Amino acid sequence: MPPKRKPLTERMAQVERDLETSDWCTLFHDALSAFEKRCTLKPKKVVCLGLGSLSDWAPARYQLALLLRLCRNFDIPTERIEAFDPVFTKEDTEYLAGLDMQVATEDMEARYELIDPTLVFMPHCDLPFYNNLFEINWSRERLANMILLGNNLDDYVVSGPTKRVQSKGPLIMKIVPHLSATSLPNKFPLEDAAFNDLQLQFVKMSELPPEEDEFWKLDIASGEKDALAS
Ligand SMILES: C[S@@+](CC[C@H](N)C(=O)[O-])C[C@H]1O[C@@H](n2cnc3c(N)ncnc32)[C@H](O)[C@@H]1O
């Protein structure tokens with residue numbers, strides 16, 4: 001018979017201790033300090049998407065531990081974290097609610113409007129979700145409110161945009177040249193898949209095209225998408 005799993009509370013406590021005391025965490029703090037020198041935005045809240053199930057998936061537990069660490073760093077109380085993943089179990093939801101986090105019930109497919117300075121925590125989410133996030137916030141005012149911890153979006157573009165990237169991530173192709181990114185340390189020996197290829201990113205506002213530029217036209221992106229899909 002397989003050994004009985006410990007409760008999530010115990011497993012998370014262990015993961016948080018392991019993360020805190022790891023060499024990786026020291027390297028992460030160096031990266032975060034470098035990021036904060038470049039990005040002066042102070043997030044007031046968090047949108048956390050696509051963690052995966054905390055009870056079933058070890059990388060999700062380490063990612064949550066990192067998020068809690070970041071919130072302490074930015075002085076964001078846990079009540080100001082909204083989280084959603086369709087795979088959250090009852091145990092996951094109860095655990096997150098027990099931390100005073102808001103567990104969303106509606107699937108917004110990452111279309112969260114950033115009214116206040118926000119850390120959007122989306123580790124290893126799929127490309128269309130990043131595109132949706134940018135689409136709903138496709139204005140100077142909203143983009144200025146975004147710090148994104150997510151995949152290295154540059155990879156999609158640099159590796160030569162495939163038809164899929166052109167159709168599912170048209171805004172990613174547009175925004176990538178205007179992002180400033182700081183990579184997280186890559187090798188996390190305790191759980192390989194937790195933090196690989198992740199970056200902290202923000203939009204370099206001063207380098208964005210003027211308001212009348214085609215860049216801001218969303219219908220062009222959709223038109224291209226339709227043409228490519230047909
Ligand atoms: C590639 S997995 C990443 C899981 C984990 N963060 C990791 O790094 O291993 C993508 C995650 O996005 C979640 N997801 C799918 N649709 C979603 C939606 N509409 N909103 C938020 N998360 C979603 C999936 O359930 C899955 O947990």
# chains A, B, ... in the order shown; residues from 1 in each chain; ligands from 1

call {"tool": "residues_around", "arguments": {"residues": "Asp154 (chain A)", "least_positions_apart": "3", "cutoff": "6 Å", "atoms": "only C-alpha atoms", "output": "PyMOL selection string"}}
result
chain A and resi 157-158+176

call {"tool": "residues_near_ligand", "arguments": {"ligand": "ligand 1", "cutoff": "9 Å", "atoms": "only C-alpha atoms and all ligand atoms", "output": "compact mmCIF listing (two decimals) with C-alpha atoms, in the first residue's frame"}}
result
# COMPACT_ATOMS: atom_id res chain seq x y z
CA CYS A 48 -1.94 34.16 -9.64
CA LEU A 49 -2.88 31.86 -12.54
CA GLY A 50 -2.00 28.33 -13.59
CA LEU A 51 -0.10 27.15 -10.52
CA GLY A 52 -1.39 23.64 -10.94
CA SER A 53 -2.75 21.51 -8.12
CA TRP A 57 2.11 18.71 -8.26
CA ALA A 58 5.40 19.52 -6.48
CA PRO A 59 6.38 22.45 -8.78
CA ALA A 60 3.11 24.16 -7.84
CA GLN A 63 5.90 28.20 -6.96
CA ALA A 83 -5.74 32.79 -7.57
CA PHE A 84 -7.32 30.56 -10.17
CA ASP A 85 -6.53 27.23 -11.76
CA PRO A 86 -9.26 24.90 -12.99
CA VAL A 87 -7.37 21.93 -11.53
CA PHE A 88 -7.41 23.19 -7.93
CA GLU A 106 -14.91 32.25 -12.55
CA ASP A 107 -12.55 31.34 -15.38
CA MET A 108 -11.42 34.63 -16.91
CA GLU A 109 -8.92 32.91 -19.22
CA ALA A 110 -6.37 35.41 -17.88
CA MET A 122 1.76 32.93 -14.26
CA PRO A 123 4.55 30.35 -14.10
CA HIS A 124 4.61 28.14 -17.22
CA CYS A 125 1.17 29.10 -18.48
CA ASP A 126 0.21 28.50 -22.09
CA PHE A 129 -3.26 33.08 -21.70
CA ALA A 193 10.55 21.83 -13.16
CA ALA A 194 9.57 24.55 -10.68
CA PHE A 195 11.46 27.63 -11.88
CA ASN A 196 13.04 26.84 -15.25

call {"tool": "residues_around", "arguments": {"residues": "region 7-14 of chain A", "least_positions_apart": "5", "cutoff": "9 Å", "atoms": "only C-alpha atoms", "output": "CSV table (one decimal) with N, CA and C atoms, in the first residue's frame"}}
result
chain,number,residue,atom,x,y,z
A,19,LEU,N,12.8,26.1,0.6
A,19,LEU,CA,13.1,27.2,-0.4
A,19,LEU,C,13.9,28.3,0.3
A,54,LEU,N,-1.8,22.1,-6.0
A,54,LEU,CA,-0.8,22.0,-4.9
A,54,LEU,C,-0.7,20.6,-4.3
A,55,SER,N,-1.9,19.9,-4.2
A,55,SER,CA,-1.8,18.6,-3.6
A,55,SER,C,-1.1,17.6,-4.5
A,61,ARG,N,3.8,23.6,-5.5
A,61,ARG,CA,4.0,24.0,-4.1
A,61,ARG,C,5.2,24.9,-4.0
A,62,TYR,N,6.3,24.6,-4.8
A,62,TYR,CA,7.4,25.5,-4.7
A,62,TYR,C,7.1,26.9,-5.3
A,64,LEU,N,4.2,28.4,-5.2
A,64,LEU,CA,3.4,29.1,-4.3
A,64,LEU,C,4.3,29.6,-3.2
A,65,ALA,N,5.3,28.8,-2.7
A,65,ALA,CA,6.2,29.3,-1.7
A,65,ALA,C,7.0,30.5,-2.2
A,91,GLU,N,-8.9,20.4,-1.5
A,91,GLU,CA,-7.8,20.6,-0.5
A,91,GLU,C,-7.0,21.8,-0.8
A,92,ASP,N,-6.7,22.0,-2.1
A,92,ASP,CA,-6.0,23.2,-2.6
A,92,ASP,C,-6.7,24.5,-2.2
A,95,TYR,N,-6.8,25.2,1.4
A,95,TYR,CA,-5.5,25.6,1.9
A,95,TYR,C,-5.3,27.1,1.6

call {"tool": "closest_residue", "arguments": {"among": "A:Phe121, A:Val103, A:Thr21, A:Ala34", "to": "Leu70 (chain A)", "atoms": "only C-alpha atoms"}}
result
A:Phe121

call {"tool": "closest_atom_pairs", "arguments": {"of": "region 68-184 of chain A", "to": "region 199-218 of chain A", "cutoff": "8 Å", "atoms": "only C-alpha atoms", "output": "tab-separated table"}}
result
residue	atom	partner	partner_atom	distance
A:Glu135	CA	A:Leu218	CA	7.5
A:Trp138	CA	A:Trp216	CA	7.0
A:Ser139	CA	A:Trp216	CA	7.3
A:Arg140	CA	A:Met205	CA	7.3
A:Leu143	CA	A:Val203	CA	6.6
A:Ala144	CA	A:Met205	CA	6.7
A:Met146	CA	A:Phe202	CA	6.2
A:Ile147	CA	A:Phe202	CA	5.0
A:Leu148	CA	A:Gln201	CA	5.1
A:Leu149	CA	A:Leu200	CA	4.5
A:Gly150	CA	A:Gln199	CA	5.7
A:Asn151	CA	A:Gln199	CA	6.1
A:Asn152	CA	A:Gln199	CA	5.7
A:Lys174	CA	A:Phe215	CA	7.3
A:Ile175	CA	A:Val203	CA	7.9
A:His178	CA	A:Lys204	CA	5.5
A:Leu179	CA	A:Val203	CA	4.6
A:Ser180	CA	A:Phe202	CA	5.5
A:Ala181	CA	A:Gln201	CA	4.4
A:Thr182	CA	A:Leu200	CA	5.2
A:Ser183	CA	A:Gln199	CA	4.3
A:Leu184	CA	A:Gln199	CA	5.4

call {"tool": "atom_distance", "arguments": {"atom1": "CA of Asp197 (chain A)", "atom2": "CA of Asn131 (chain A)"}}
result
17.9 Å

call {"tool": "closest_residue", "arguments": {"among": "A:Lys45, A:Leu153, A:Leu190, A:Thr93", "to": "Asp18 (chain A)", "atoms": "only C-alpha atoms"}}
result
A:Leu190

call {"tool": "select_by_dssp", "arguments": {"residues": "region 52-230 of chain A", "states": "strand (DSSP E)", "output": "PyMOL selection string"}}
result
chain A and resi 81-84+102-103+118-122+146-151+179-183+198-203

call {"tool": "write_last_selection", "arguments": {"atoms": "C-alpha atoms", "output": "PDB file, in the first residue's frame"}}
result
ATOM      1  CA  ILE A  81      -3.822  37.624  -3.884  1.00  0.00           C
ATOM      2  CA  GLU A  82      -6.460  36.280  -6.262  1.00  0.00           C
ATOM      3  CA  ALA A  83      -5.738  32.794  -7.572  1.00  0.00           C
ATOM      4  CA  PHE A  84      -7.321  30.561 -10.173  1.00  0.00           C
ATOM      5  CA  GLN A 102      -9.125  34.830  -2.725  1.00  0.00           C
ATOM      6  CA  VAL A 103      -9.739  31.743  -4.806  1.00  0.00           C
ATOM      7  CA  THR A 118      -0.284  44.234 -10.007  1.00  0.00           C
ATOM      8  CA  LEU A 119       2.091  41.307  -9.897  1.00  0.00           C
ATOM      9  CA  VAL A 120       0.737  38.770 -12.363  1.00  0.00           C
ATOM     10  CA  PHE A 121       2.151  35.402 -11.375  1.00  0.00           C
ATOM     11  CA  MET A 122       1.755  32.930 -14.258  1.00  0.00           C
ATOM     12  CA  MET A 146       1.955  45.125 -14.873  1.00  0.00           C
ATOM     13  CA  ILE A 147       4.787  43.118 -13.391  1.00  0.00           C
ATOM     14  CA  LEU A 148       4.673  39.658 -14.906  1.00  0.00           C
ATOM     15  CA  LEU A 149       6.366  36.596 -13.535  1.00  0.00           C
ATOM     16  CA  GLY A 150       6.006  34.130 -16.360  1.00  0.00           C
ATOM     17  CA  ASN A 151       7.654  32.271 -19.178  1.00  0.00           C
ATOM     18  CA  LEU A 179       9.733  44.125 -22.314  1.00  0.00           C
ATOM     19  CA  SER A 180      12.507  44.377 -19.794  1.00  0.00           C
ATOM     20  CA  ALA A 181      13.150  40.921 -18.358  1.00  0.00           C
ATOM     21  CA  THR A 182      15.196  39.526 -15.496  1.00  0.00           C
ATOM     22  CA  SER A 183      15.653  35.768 -15.548  1.00  0.00           C
ATOM     23  CA  LEU A 198      10.925  31.985 -15.847  1.00  0.00           C
ATOM     24  CA  GLN A 199      11.410  35.734 -15.831  1.00  0.00           C
ATOM     25  CA  LEU A 200      10.253  38.847 -14.036  1.00  0.00           C
ATOM     26  CA  GLN A 201       9.124  41.284 -16.699  1.00  0.00           C
ATOM     27  CA  PHE A 202       7.711  44.747 -17.123  1.00  0.00           C
ATOM     28  CA  VAL A 203       6.883  46.948 -20.107  1.00  0.00           C
TER      29      VAL A 203
END

call {"tool": "atom_distance", "arguments": {"atom1": "CA of Leu114 (chain A)", "atom2": "CA of His29 (chain A)"}}
result
25.6 Å

call {"tool": "decode", "arguments": {"residues": "region 158-202 of chain A", "atoms": "N, CA and C atoms", "output": "tab-separated table (two decimals), in the first residue's frame"}}
result
chain	number	residue	atom	x	y	z
A	158	VAL	N	12.06	34.75	-30.68
A	158	VAL	CA	13.44	34.60	-31.16
A	158	VAL	C	13.62	33.29	-31.92
A	159	SER	N	12.98	32.25	-31.44
A	159	SER	CA	13.18	30.95	-32.09
A	159	SER	C	12.50	30.92	-33.48
A	160	GLY	N	11.99	32.05	-33.93
A	160	GLY	CA	11.37	32.12	-35.26
A	160	GLY	C	9.91	31.82	-35.09
A	161	PRO	N	9.05	32.85	-35.15
A	161	PRO	CA	7.65	32.64	-34.83
A	161	PRO	C	6.99	31.63	-35.78
A	162	THR	N	6.47	30.62	-35.21
A	162	THR	CA	5.75	29.62	-36.00
A	162	THR	C	4.35	30.16	-36.26
A	163	LYS	N	3.61	29.45	-37.11
A	163	LYS	CA	2.22	29.84	-37.38
A	163	LYS	C	1.42	29.89	-36.07
A	164	ARG	N	1.73	28.94	-35.18
A	164	ARG	CA	0.99	28.88	-33.91
A	164	ARG	C	1.23	30.15	-33.10
A	165	VAL	N	2.48	30.59	-33.01
A	165	VAL	CA	2.76	31.80	-32.24
A	165	VAL	C	2.10	33.00	-32.90
A	166	GLN	N	2.14	33.04	-34.23
A	166	GLN	CA	1.53	34.18	-34.92
A	166	GLN	C	0.03	34.22	-34.69
A	167	SER	N	-0.60	33.03	-34.61
A	167	SER	CA	-2.06	33.07	-34.46
A	167	SER	C	-2.50	33.12	-33.00
A	168	LYS	N	-1.77	32.44	-32.11
A	168	LYS	CA	-2.21	32.41	-30.69
A	168	LYS	C	-1.57	33.51	-29.86
A	169	GLY	N	-0.49	34.10	-30.37
A	169	GLY	CA	0.18	35.11	-29.54
A	169	GLY	C	0.59	36.34	-30.31
A	170	PRO	N	-0.34	36.93	-31.10
A	170	PRO	CA	0.05	38.09	-31.90
A	170	PRO	C	0.55	39.27	-31.05
A	171	LEU	N	-0.06	39.43	-29.86
A	171	LEU	CA	0.36	40.56	-29.04
A	171	LEU	C	1.69	40.26	-28.33
A	172	ILE	N	1.98	38.99	-28.15
A	172	ILE	CA	3.27	38.62	-27.56
A	172	ILE	C	4.38	39.03	-28.53
A	173	MET	N	4.13	38.77	-29.82
A	173	MET	CA	5.13	39.16	-30.81
A	173	MET	C	5.33	40.67	-30.81
A	174	LYS	N	4.26	41.41	-30.59
A	174	LYS	CA	4.38	42.87	-30.60
A	174	LYS	C	5.07	43.41	-29.34
A	175	ILE	N	4.76	42.78	-28.20
A	175	ILE	CA	5.21	43.40	-26.94
A	175	ILE	C	6.64	42.99	-26.56
A	176	VAL	N	7.06	41.82	-27.04
A	176	VAL	CA	8.37	41.31	-26.61
A	176	VAL	C	9.51	42.33	-26.76
A	177	PRO	N	9.60	43.06	-27.87
A	177	PRO	CA	10.72	44.02	-27.96
A	177	PRO	C	10.64	45.14	-26.92
A	178	HIS	N	9.47	45.29	-26.29
A	178	HIS	CA	9.29	46.39	-25.34
A	178	HIS	C	9.30	45.91	-23.88
A	179	LEU	N	9.69	44.65	-23.68
A	179	LEU	CA	9.73	44.12	-22.31
A	179	LEU	C	11.16	44.20	-21.76
A	180	SER	N	11.22	44.51	-20.48
A	180	SER	CA	12.51	44.38	-19.79
A	180	SER	C	12.38	43.14	-18.91
A	181	ALA	N	13.31	42.20	-19.05
A	181	ALA	CA	13.15	40.92	-18.36
A	181	ALA	C	14.38	40.58	-17.52
A	182	THR	N	14.12	40.03	-16.36
A	182	THR	CA	15.20	39.53	-15.50
A	182	THR	C	14.92	38.04	-15.28
A	183	SER	N	15.87	37.22	-15.68
A	183	SER	CA	15.65	35.77	-15.55
A	183	SER	C	15.79	35.31	-14.10
A	184	LEU	N	14.94	34.37	-13.72
A	184	LEU	CA	15.11	33.73	-12.42
A	184	LEU	C	16.28	32.76	-12.55
A	185	PRO	N	17.00	32.50	-11.45
A	185	PRO	CA	18.07	31.50	-11.54
A	185	PRO	C	17.47	30.19	-12.07
A	186	ASN	N	18.17	29.53	-12.93
A	186	ASN	CA	17.56	28.42	-13.66
A	186	ASN	C	17.54	27.10	-12.91
A	187	LYS	N	18.66	26.75	-12.32
A	187	LYS	CA	18.75	25.39	-11.76
A	187	LYS	C	18.32	25.37	-10.29
A	188	PHE	N	17.13	24.82	-10.06
A	188	PHE	CA	16.65	24.68	-8.68
A	188	PHE	C	16.72	23.20	-8.36
A	189	PRO	N	17.76	22.78	-7.61
A	189	PRO	CA	18.02	21.36	-7.48
A	189	PRO	C	16.91	20.57	-6.77
A	190	LEU	N	16.10	21.24	-5.95
A	190	LEU	CA	15.09	20.49	-5.20
A	190	LEU	C	13.91	20.07	-6.07
A	191	GLU	N	13.67	20.80	-7.14
A	191	GLU	CA	12.54	20.47	-8.03
A	191	GLU	C	12.80	21.13	-9.39
A	192	ASP	N	13.40	20.33	-10.28
A	192	ASP	CA	13.85	20.84	-11.59
A	192	ASP	C	12.83	21.69	-12.32
A	193	ALA	N	11.56	21.22	-12.29
A	193	ALA	CA	10.55	21.83	-13.16
A	193	ALA	C	9.88	23.06	-12.55
A	194	ALA	N	10.32	23.48	-11.36
A	194	ALA	CA	9.57	24.55	-10.68
A	194	ALA	C	9.85	25.93	-11.29
A	195	PHE	N	11.12	26.23	-11.56
A	195	PHE	CA	11.46	27.63	-11.88
A	195	PHE	C	12.22	27.79	-13.19
A	196	ASN	N	12.26	26.73	-14.02
A	196	ASN	CA	13.04	26.84	-15.25
A	196	ASN	C	12.40	27.82	-16.24
A	197	ASP	N	13.26	28.57	-16.91
A	197	ASP	CA	12.83	29.50	-17.98
A	197	ASP	C	11.78	30.51	-17.54
A	198	LEU	N	11.87	30.96	-16.31
A	198	LEU	CA	10.93	31.99	-15.85
A	198	LEU	C	11.64	33.34	-15.73
A	199	GLN	N	10.84	34.39	-15.90
A	199	GLN	CA	11.41	35.73	-15.83
A	199	GLN	C	10.45	36.68	-15.11
A	200	LEU	N	11.03	37.71	-14.50
A	200	LEU	CA	10.25	38.85	-14.04
A	200	LEU	C	10.31	39.88	-15.15
A	201	GLN	N	9.14	40.41	-15.53
A	201	GLN	CA	9.12	41.28	-16.70
A	201	GLN	C	8.23	42.50	-16.46
A	202	PHE	N	8.61	43.58	-17.09
A	202	PHE	CA	7.71	44.75	-17.12
A	202	PHE	C	7.86	45.44	-18.47
